[in-house]
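As stored in protein32.txt (compact mmCIF, C-alpha atoms and all ligand atoms):
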# COMPACT_ATOMS: atom_id res chain seq x y z
CA MET A 1 32.12 38.69 -34.88
CA LYS A 2 28.98 37.58 -33.10
CA GLU A 3 28.50 35.03 -30.40
CA ARG A 4 25.28 33.51 -29.27
CA ILE A 5 24.85 30.71 -26.79
CA ASN A 6 21.63 28.91 -26.10
CA THR A 7 21.22 29.32 -22.37
CA GLY A 8 17.94 27.45 -22.20
CA PRO A 9 17.61 23.97 -20.76
CA GLY A 10 17.62 22.39 -24.23
CA TYR A 11 15.04 19.66 -24.50
CA ALA A 12 14.39 16.13 -23.39
CA GLY A 13 14.40 14.22 -26.64
CA LEU A 14 13.20 10.73 -27.38
CA LEU A 15 16.64 9.54 -26.51
CA PHE A 16 18.97 12.45 -26.23
CA PHE A 17 19.69 15.80 -24.75
CA VAL A 18 21.29 18.37 -27.05
CA VAL A 19 22.31 21.94 -26.42
CA LEU A 20 23.26 23.92 -29.48
CA THR A 21 25.70 26.77 -29.36
CA PHE A 22 26.39 29.12 -32.20
CA TRP A 23 29.31 31.24 -33.11
CA MET A 24 29.76 33.33 -36.19
CA GLY A 25 32.78 35.12 -37.56
CA GLY A 26 34.96 35.60 -40.60
CA ALA A 27 35.93 38.24 -43.03
CA ARG A 28 33.40 41.04 -43.46
CA SER A 29 34.33 41.49 -47.08
CA GLY A 30 35.58 39.17 -49.74
CA SER A 31 35.02 35.62 -48.67
CA ALA A 32 31.67 34.40 -47.43
CA GLN A 33 31.14 34.30 -43.70
CA SER A 34 31.03 31.13 -41.68
CA ALA A 35 28.98 29.99 -38.75
CA LEU A 36 30.26 27.45 -36.28
CA LEU A 37 27.59 25.26 -34.72
CA SER A 38 28.43 23.06 -31.78
CA TRP A 39 26.53 20.89 -29.34
CA HIS A 40 27.08 18.46 -26.50
CA ALA A 41 27.75 14.86 -27.45
CA VAL A 42 24.93 12.46 -26.76
CA THR A 43 26.17 9.80 -24.37
CA GLU A 44 23.01 8.61 -22.64
CA ASP A 45 19.49 7.84 -23.71
CA THR A 46 16.53 9.33 -21.88
CA SER A 47 16.46 6.33 -19.54
CA GLY A 48 20.01 7.12 -18.44
CA HIS A 49 21.60 4.16 -20.19
CA ALA A 50 24.84 4.59 -22.11
CA GLU A 51 24.10 5.35 -25.74
CA VAL A 52 25.87 2.99 -28.18
CA GLN A 53 28.26 4.96 -30.38
CA PRO A 54 28.51 6.24 -33.02
CA VAL A 55 25.78 8.84 -32.93
CA TYR A 56 25.10 10.89 -36.01
CA TYR A 57 23.92 14.49 -35.96
CA ASN A 58 21.69 15.75 -38.75
CA ILE A 59 21.81 19.52 -39.30
CA TYR A 60 19.01 21.53 -40.88
CA CYS A 61 19.15 25.17 -42.01
CA ASP A 62 16.58 27.68 -43.26
CA THR A 63 15.95 31.42 -43.51
CA VAL A 64 12.93 31.58 -41.18
CA PRO A 65 13.15 30.81 -37.46
CA ALA A 66 9.97 28.69 -37.33
CA PHE A 67 11.07 26.36 -40.12
CA ARG A 68 10.16 22.69 -40.00
CA PRO A 69 13.20 20.50 -40.61
CA ASP A 70 12.79 18.19 -43.60
CA SER A 71 14.69 16.97 -46.64
CA ALA A 72 14.32 20.38 -48.33
CA ASN A 73 16.37 22.17 -45.65
CA PHE A 74 18.73 19.33 -44.66
CA LEU A 75 22.26 20.71 -44.52
CA ALA A 76 24.63 17.96 -43.42
CA ALA A 77 25.14 14.85 -41.29
CA THR A 78 28.20 14.49 -39.09
CA LEU A 79 29.68 12.28 -36.38
CA GLN A 80 31.36 15.34 -34.87
CA THR A 81 29.81 17.65 -32.30
CA SER A 82 30.41 20.76 -34.36
CA TRP A 83 29.96 21.94 -37.91
CA THR A 84 31.24 24.96 -39.80
CA HIS A 85 28.75 26.32 -42.28
CA THR A 86 30.04 28.66 -44.97
CA ASP A 87 27.32 30.38 -46.96
CA PRO A 88 27.12 33.74 -48.78
CA ARG A 89 23.78 34.39 -47.06
CA LEU A 90 25.64 34.74 -43.74
CA ALA A 91 27.22 37.94 -45.10
CA ASP A 92 23.84 39.38 -46.14
CA PRO A 93 22.56 41.78 -43.46
CA ASN A 94 18.99 41.38 -44.74
CA ARG A 95 18.91 37.62 -44.38
CA HIS A 96 19.43 35.42 -41.36
CA LEU A 97 20.02 31.71 -41.12
CA PHE A 98 18.56 29.43 -38.47
CA TYR A 99 19.59 25.92 -37.53
CA GLN A 100 18.27 22.81 -35.82
CA VAL A 101 20.10 19.58 -35.02
CA ARG A 102 18.77 16.09 -34.41
CA ALA A 103 20.74 13.10 -33.14
CA VAL A 104 20.32 9.64 -34.67
CA ASP A 105 21.84 6.47 -33.20
CA ILE A 106 23.01 3.38 -35.07
CA TRP A 107 19.61 1.75 -34.51
CA GLY A 108 17.95 4.67 -36.27
CA ASN A 109 16.41 6.06 -33.08
CA GLN A 110 16.00 9.79 -33.43
CA SER A 111 16.04 12.50 -30.83
CA ALA A 112 13.59 15.36 -30.96
CA PHE A 113 14.89 18.42 -32.76
CA SER A 114 17.08 20.83 -30.84
CA ASP A 115 15.87 24.33 -30.10
CA THR A 116 16.28 26.64 -33.07
CA ILE A 117 19.34 28.85 -32.99
CA GLY A 118 20.53 31.38 -35.50
CA GLU A 119 22.30 34.59 -36.35
CA VAL A 120 19.80 36.76 -34.48
CA GLY A 121 17.18 36.41 -31.80
CA TYR A 122 13.58 36.06 -32.84
CA LEU A 123 9.96 36.12 -31.72
CA LEU A 124 7.26 33.77 -32.94
CA VAL A 125 3.80 35.08 -33.79
CA LYS A 126 0.60 33.52 -35.12
CA VAL A 127 -2.14 35.76 -36.53
CA ARG A 128 -5.41 35.30 -38.37
CA ALA A 129 -7.39 38.01 -40.17
CA PHE A 130 -9.78 38.41 -43.08
CA LEU A 131 -9.86 41.18 -45.68
CA GLN A 132 -13.30 42.51 -46.62
CA ALA A 133 -12.85 42.66 -50.38
CA PRO A 134 -11.88 39.07 -51.16
CA TYR A 135 -14.02 37.52 -48.38
CA ASP A 136 -16.52 34.91 -49.59
CA ALA A 137 -19.26 34.31 -47.02
CA GLU A 138 -20.42 31.10 -48.67
CA GLY A 139 -16.99 29.55 -48.42
CA ASP A 140 -16.17 31.13 -45.03
CA SER A 141 -12.80 31.98 -46.59
CA MET A 142 -11.18 34.45 -48.97
CA ARG A 143 -10.96 34.21 -52.73
CA THR A 144 -7.54 34.34 -54.40
CA PRO A 145 -8.06 36.20 -57.69
CA LEU A 146 -4.63 37.88 -57.65
CA ALA A 147 -2.86 34.51 -57.53
CA ARG A 148 -5.28 32.95 -60.03
CA LEU A 149 -4.78 35.82 -62.53
CA GLY A 150 -1.00 35.75 -62.07
CA LEU A 151 -1.02 39.30 -60.65
CA LEU A 152 0.34 38.56 -57.19
CA PRO A 153 3.99 39.70 -57.17
CA LEU A 154 6.78 37.54 -55.80
CA ALA A 155 8.12 40.58 -53.92
CA SER A 156 6.25 42.23 -51.08
CA PRO A 157 4.83 45.67 -52.00
CA TYR A 158 5.76 47.11 -48.56
CA ALA A 159 9.00 49.09 -48.80
CA ALA A 160 9.32 49.08 -45.00
CA ALA A 161 9.88 45.31 -44.99
CA PRO A 162 11.20 44.05 -48.32
CA ARG A 163 11.20 40.33 -48.91
CA ALA A 164 10.20 37.94 -51.68
CA ALA A 165 8.72 34.51 -52.15
CA ALA A 166 10.83 31.96 -54.03
CA ALA A 167 7.78 30.78 -55.99
CA ALA A 168 4.23 32.06 -56.40
CA PRO A 169 2.12 30.48 -53.65
CA GLY A 170 -1.10 29.44 -55.39
CA GLY A 171 -3.26 29.70 -52.29
CA ALA A 172 -2.23 33.21 -51.25
CA VAL A 173 -4.67 36.13 -51.12
CA ASP A 174 -2.10 38.95 -50.96
CA TRP A 175 0.85 40.37 -49.05
CA VAL A 176 0.23 42.06 -45.69
CA LEU A 177 2.52 44.00 -43.34
CA LEU A 178 2.42 43.00 -39.66
CA GLN A 179 3.89 45.23 -36.95
CA LEU A 180 4.64 44.80 -33.26
CA ARG A 181 4.01 48.07 -31.41
CA ASP A 182 5.21 49.19 -28.02
CA PRO A 183 1.95 49.69 -26.06
CA THR A 184 3.27 52.76 -24.24
CA THR A 185 4.87 54.71 -27.07
CA ALA A 186 3.15 53.07 -30.11
CA ASN A 187 6.66 52.81 -31.62
CA ILE A 188 7.18 50.04 -34.17
CA VAL A 189 9.38 47.43 -32.50
CA GLY A 190 9.30 45.06 -35.46
CA GLU A 191 7.61 44.81 -38.83
CA GLU A 192 7.60 42.13 -41.48
CA SER A 193 5.88 41.25 -44.75
CA PHE A 194 3.85 38.04 -44.79
CA LEU A 195 1.43 36.35 -47.13
CA LEU A 196 -2.22 35.79 -46.23
CA ASP A 197 -3.78 32.42 -47.03
CA ARG A 198 -7.44 31.87 -47.93
CA GLU A 199 -8.32 30.70 -44.39
CA GLY A 200 -7.00 34.00 -43.08
CA PHE A 201 -3.73 32.80 -41.59
CA LEU A 202 -0.66 34.92 -42.15
CA THR A 203 2.15 32.75 -43.50
CA GLU A 204 5.83 32.99 -44.22
CA PRO A 205 6.60 33.59 -47.95
CA ASP A 206 6.45 29.83 -48.62
CA GLY A 207 2.67 30.18 -48.26
CA ARG A 208 2.49 27.24 -45.80
CA ASN A 209 4.27 28.01 -42.55
CA ARG A 210 1.75 29.74 -40.27
CA VAL A 211 4.25 30.35 -37.46
CA LEU A 212 5.75 33.73 -38.22
CA GLY A 213 9.23 34.84 -37.26
CA PHE A 214 10.22 38.37 -36.26
CA THR A 215 13.97 38.92 -36.03
CA GLY A 216 15.84 41.72 -34.34
CA CYS A 217 13.22 42.55 -31.68
CA PRO A 218 13.47 41.73 -28.00
CA PRO A 219 10.89 39.52 -26.28
CA GLY A 220 8.18 41.66 -24.75
CA ASP A 221 4.54 42.70 -24.56
CA TYR A 222 3.30 44.29 -27.77
CA GLN A 223 0.16 45.29 -29.65
CA LEU A 224 -0.35 43.90 -33.15
CA VAL A 225 -0.90 46.22 -36.11
CA LEU A 226 -1.99 44.73 -39.42
CA ASN A 227 -1.64 46.73 -42.64
CA HIS A 228 -2.85 45.88 -46.11
CA ARG A 229 -2.08 48.02 -49.19
CA ASN A 230 -5.73 49.06 -49.79
CA HIS A 231 -7.58 48.06 -46.64
CA VAL A 232 -7.85 50.11 -43.44
CA ALA A 233 -5.06 49.28 -40.99
CA VAL A 234 -6.12 47.75 -37.66
CA MET A 235 -4.58 47.34 -34.22
CA SER A 236 -5.27 44.83 -31.46
CA ARG A 237 -6.91 46.33 -28.38
CA GLY A 238 -4.97 43.90 -26.24
CA THR A 239 -1.25 43.73 -25.51
CA PHE A 240 0.26 40.26 -25.73
CA PRO A 241 3.54 38.63 -24.69
CA PHE A 242 5.82 37.48 -27.53
CA ASN A 243 8.94 35.35 -27.24
CA GLU A 244 10.64 32.28 -28.77
CA ALA A 245 8.02 29.86 -27.43
CA PRO A 246 5.44 28.22 -29.73
CA PRO A 247 2.90 31.03 -30.23
CA VAL A 248 -0.80 31.19 -29.40
CA LEU A 249 -3.14 32.39 -32.16
CA HIS A 250 -4.19 36.04 -32.17
CA ASP A 251 -7.39 36.18 -34.20
CA PHE A 252 -8.77 39.34 -35.82
CA SER A 253 -11.54 37.29 -37.48
CA ALA A 254 -13.54 36.03 -34.49
CA ASP A 255 -14.46 39.06 -32.40
CA SER A 256 -14.81 42.80 -33.04
CA ALA A 257 -13.66 43.37 -29.44
CA PHE A 258 -10.20 42.18 -30.55
CA TYR A 259 -9.84 45.48 -32.46
CA GLU A 260 -8.82 48.84 -31.03
CA GLY A 261 -11.50 51.42 -31.78
CA SER A 262 -15.25 51.41 -32.22
CA GLY A 263 -16.25 50.44 -35.75
CA ALA A 264 -12.68 49.47 -36.68
CA ALA A 265 -13.79 45.95 -37.66
CA CYS A 266 -15.94 45.23 -40.69
CA GLU A 267 -18.64 42.58 -40.11
CA LEU A 268 -18.26 40.17 -43.05
CA GLU A 269 -21.07 37.88 -41.95
CA THR A 270 -22.62 37.18 -38.56
CA GLY A 271 -19.77 36.77 -36.09
CA VAL A 272 -16.99 37.08 -38.67
CA TRP A 273 -14.87 40.22 -38.73
CA GLY A 274 -12.27 41.68 -41.04
CA LEU A 275 -10.44 44.76 -42.30
CA TRP A 276 -12.45 47.40 -44.18
CA SER A 277 -11.54 47.92 -47.84
CA GLY A 278 -11.09 51.41 -49.30
CA ASP A 279 -7.92 53.10 -48.03
CA ILE A 280 -6.22 53.36 -51.41
CA ASN A 281 -3.67 56.03 -50.41
CA GLN A 282 -2.98 54.44 -46.96
CA ASP A 283 -3.56 57.63 -44.96
CA HIS A 284 -5.73 55.74 -42.42
CA GLN A 285 -8.99 57.26 -43.67
CA VAL A 286 -11.50 56.30 -46.34
CA SER A 287 -12.06 59.71 -47.88
CA GLY A 288 -12.57 61.65 -51.11
CA LEU A 289 -8.83 61.39 -51.74
CA ASP A 290 -9.20 57.62 -52.18
CA PHE A 291 -12.09 58.27 -54.57
CA ALA A 292 -9.88 60.63 -56.59
CA TYR A 293 -7.22 57.93 -56.95
CA TRP A 294 -9.86 55.41 -58.01
CA GLN A 295 -11.41 57.84 -60.53
CA SER A 296 -8.07 58.72 -62.09
CA ALA A 297 -7.07 55.05 -62.47
CA ALA A 298 -10.50 54.18 -63.89
CA ARG A 299 -10.29 57.01 -66.46
CA ASP A 300 -6.83 55.90 -67.54
CA GLY A 301 -7.99 52.29 -67.85
CA ARG A 302 -5.11 51.10 -65.68
CA ARG A 303 -4.72 47.37 -65.09
CA GLY A 304 -2.67 45.09 -62.92
CA TYR A 305 -1.60 44.89 -59.29
CA LEU A 306 -2.86 48.31 -58.22
CA ALA A 307 -4.05 49.80 -54.92
CA GLU A 308 -7.06 51.23 -56.80
CA ASP A 309 -8.18 47.70 -57.68
CA LEU A 310 -10.08 47.19 -54.45
CA ASN A 311 -11.69 43.86 -55.43
CA PHE A 312 -8.46 42.27 -56.74
CA ASP A 313 -9.66 41.50 -60.28
CA GLY A 314 -6.92 43.47 -62.03
CA HIS A 315 -9.30 46.11 -63.45
CA ILE A 316 -10.51 49.47 -62.13
CA THR A 317 -14.31 49.39 -62.32
CA THR A 318 -17.45 50.43 -60.45
CA ALA A 319 -17.10 47.24 -58.37
CA ASP A 320 -14.09 48.92 -56.76
CA TYR A 321 -16.05 52.16 -56.32
CA VAL A 322 -18.81 50.27 -54.47
CA LEU A 323 -16.31 48.96 -51.91
CA TRP A 324 -14.90 52.45 -51.37
CA HIS A 325 -18.41 53.91 -51.05
CA ARG A 326 -19.54 51.42 -48.39
CA ALA A 327 -16.65 52.33 -46.11
CA HIS A 328 -16.82 56.06 -46.90
CA ARG A 329 -20.55 56.18 -46.09
CA ARG A 330 -19.76 54.66 -42.68
CA GLY A 331 -16.96 57.17 -42.03
CA VAL A 332 -14.43 54.38 -41.52
CA ASN A 333 -11.10 55.45 -40.03
CA SER A 334 -8.09 53.59 -38.75
CA TYR A 335 -7.29 53.71 -35.04
CA VAL A 336 -3.62 52.91 -35.64
CA PRO A 337 -1.53 55.80 -34.25
CA CA A 401 -7.28 57.04 -47.57
CA CA A 402 -11.26 45.83 -59.62
Before anything else, please render the file you have as structure tokens.
Amino acid sequence: MKERINTGPGYAGLLFFVVLTFWMGGARSGSAQSALLSWHAVTEDTSGHAEVQPVYYNIYCDTVPAFRPDSANFLAATLQTSWTHTDPRLADPNRHLFYQVRAVDIWGNQSAFSDTIGEVGYLLVKVRAFLQAPYDAEGDSMRTPLARLGLLPLASPYAAAPRAAAAAPGGAVDWVLLQLRDPTTANIVGEESFLLDREGFLTEPDGRNRVLGFTGCPPGDYQLVLNHRNHVAVMSRGTFPFNEAPPVLHDFSADSAFYEGSGAACELETGVWGLWSGDINQDHQVSGLDFAYWQSAARDGRRGYLAEDLNFDGHITTADYVLWHRAHRRGVNSYVP
């Protein structure tokens, strides 16, 4: 049994003031779990005048904390000030549901949305970064050959943070793994798989939502670590505060000084920075070991979604070797501890 109460001030809506509380309980096995949502009745508009009853409450539900309420995630409308939601996903420890409520009066006036509340606490993060291999200087963006060739998997390749997209996002470059690190101990406080869009924004698995949710980590000051399955992992030099508030953008693409470590950033064109390609075996170095993996895959004529395919075209060729060689010649290493 879990209990979670929104202790914040709620919000001043167009007309209303709503505070959402959340309670969850039910059988651990057998039947699906339920969540009880409740909120204060709206009795006054924002001018302090009595609100004409009845007032409806529209409830929205999604699996990511930064979801935007719309018809796709509409759950129910009620005249009551509580709602019991029974859903098998509530019993799934790897998935969490989040809710927002909006009040609507008989004239159709709508409040703003409530704060988001859900099964677990969350942090919101917004990050931008480019990968060297798919970067296209002419378009100031990344190419998306994996998606175009149908090679991009629905499931994230990072075992540390399994998750999957419901449908193949056409505009995605690849999956990345983003971590929040404690600046004192370098311990991983949170890590999650996200997609990367062609403009460099990390997105939720829908390929559109650029506000990223981390669940199960406390608000705090953290460094960002960005991993990609065959690029060199990078870390932010700075430590930033993260909480439930709308996030500011942390941008690995605009300034090499954003990166921890000299030479950690790859200059893609003047003033544009990204992650170096070439770390096939993900040991934080671009070395002869990576070459050996490339050579073996090239000899075997392997194809598909492979770490050895550095340029994302589905084949292991000298084009991949050239990317490895550029980084190896420069002695590129990761500064991620
Ligand atoms: Ca390596
Ligand atoms: Ca290739």
Expected answer as an NGL selection string: residues within 10 Å of ligand CA 401 (chain A), all atoms listed in the file
:A and (230-232 or 278-291 or 293 or 324 or 328 or 332-334)
Let's have the selection written as a short mmCIF file (atom, residue, chain, number, x, y, z; two decimals), in the coordinates of the input, with C-alpha atoms.
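Output file result.cif is given in full below:
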data_model
loop_
_atom_site.label_atom_id
_atom_site.label_comp_id
_atom_site.auth_asym_id
_atom_site.auth_seq_id
_atom_site.Cartn_x
_atom_site.Cartn_y
_atom_site.Cartn_z
CA ASN A 230 -5.73 49.06 -49.79
CA HIS A 231 -7.58 48.06 -46.64
CA VAL A 232 -7.85 50.11 -43.44
CA GLY A 278 -11.09 51.41 -49.30
CA ASP A 279 -7.92 53.10 -48.03
CA ILE A 280 -6.22 53.36 -51.41
CA ASN A 281 -3.67 56.03 -50.41
CA GLN A 282 -2.98 54.44 -46.96
CA ASP A 283 -3.56 57.63 -44.96
CA HIS A 284 -5.73 55.74 -42.42
CA GLN A 285 -8.99 57.26 -43.67
CA VAL A 286 -11.50 56.30 -46.34
CA SER A 287 -12.06 59.71 -47.88
CA GLY A 288 -12.57 61.65 -51.11
CA LEU A 289 -8.83 61.39 -51.74
CA ASP A 290 -9.20 57.62 -52.18
CA PHE A 291 -12.09 58.27 -54.57
CA TYR A 293 -7.22 57.93 -56.95
CA TRP A 324 -14.90 52.45 -51.37
CA HIS A 328 -16.82 56.06 -46.90
CA VAL A 332 -14.43 54.38 -41.52
CA ASN A 333 -11.10 55.45 -40.03
CA SER A 334 -8.09 53.59 -38.75
#
Show me a table, sorted first by chain and then by increasing residue number, of the residues of chain A having an atom at most 6 Å from ligand CA 402 (chain A), each with its shortest atom pair and the distance in Å to one decimal, counting all atoms listed in the file and written as a tab-separated table.
residue	atom	partner	partner_atom	distance
A:Asp309	CA	A:CA402	CA	4.1
A:Leu310	CA	A:CA402	CA	5.5
A:Asn311	CA	A:CA402	CA	4.6
A:Phe312	CA	A:CA402	CA	5.4
A:Asp313	CA	A:CA402	CA	4.7
A:Gly314	CA	A:CA402	CA	5.5
A:His315	CA	A:CA402	CA	4.3
A:Ile316	CA	A:CA402	CA	4.5
A:Thr317	CA	A:CA402	CA	5.4
A:Asp320	CA	A:CA402	CA	5.1
Can you list, as an MDAnalysis selection string, every protein, DNA or RNA residue that comes within 7 Å of Arg102 (chain A) when you count all atoms listed in the file, leaving out same-chain residues fewer than 5 positions away?
chainID A and resid 57:59 110:114
Write the selection just made, keeping C-alpha atoms, as a PDB file, keeping the file's coordinate frame?
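Wrote out.pdb, looks like this:
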ATOM      1  CA  TYR A  57      23.920  14.490 -35.960  1.00  0.00           C
ATOM      2  CA  ASN A  58      21.690  15.750 -38.750  1.00  0.00           C
ATOM      3  CA  ILE A  59      21.810  19.520 -39.300  1.00  0.00           C
ATOM      4  CA  GLN A 110      16.000   9.790 -33.430  1.00  0.00           C
ATOM      5  CA  SER A 111      16.040  12.500 -30.830  1.00  0.00           C
ATOM      6  CA  ALA A 112      13.590  15.360 -30.960  1.00  0.00           C
ATOM      7  CA  PHE A 113      14.890  18.420 -32.760  1.00  0.00           C
ATOM      8  CA  SER A 114      17.080  20.830 -30.840  1.00  0.00           C
TER       9      SER A 114
END
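Minimum atom-to-atom distances from A:Ser277, A:Asn209, A:Thr116, A:Gln223 to Glu191 (chain A) were compared using all atoms listed in the file, and the lowest value belongs to A:Gln223.
Distance check against Val272 (chain A) using all atoms listed in the file: of A:Pro162, A:Gly238, A:Gly200, A:Gly304, the minimum falls on A:Gly200.
Non-sequential neighbours of Leu154 (chain A) (distance at most 7 Å, separation of 6 or more positions within a chain, all atoms listed in the file) are Ala164, Ala165, Ala167 and Ala168 of chain A.
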Find the residues around region 74-79 of chain A up to 12 Å (only C-alpha atoms counted), leave out those fewer than 4 positions away in its own chain, and share them as a PyMOL selection string.
chain A and resi 37-42+53-62+67-70+83-87+97-106
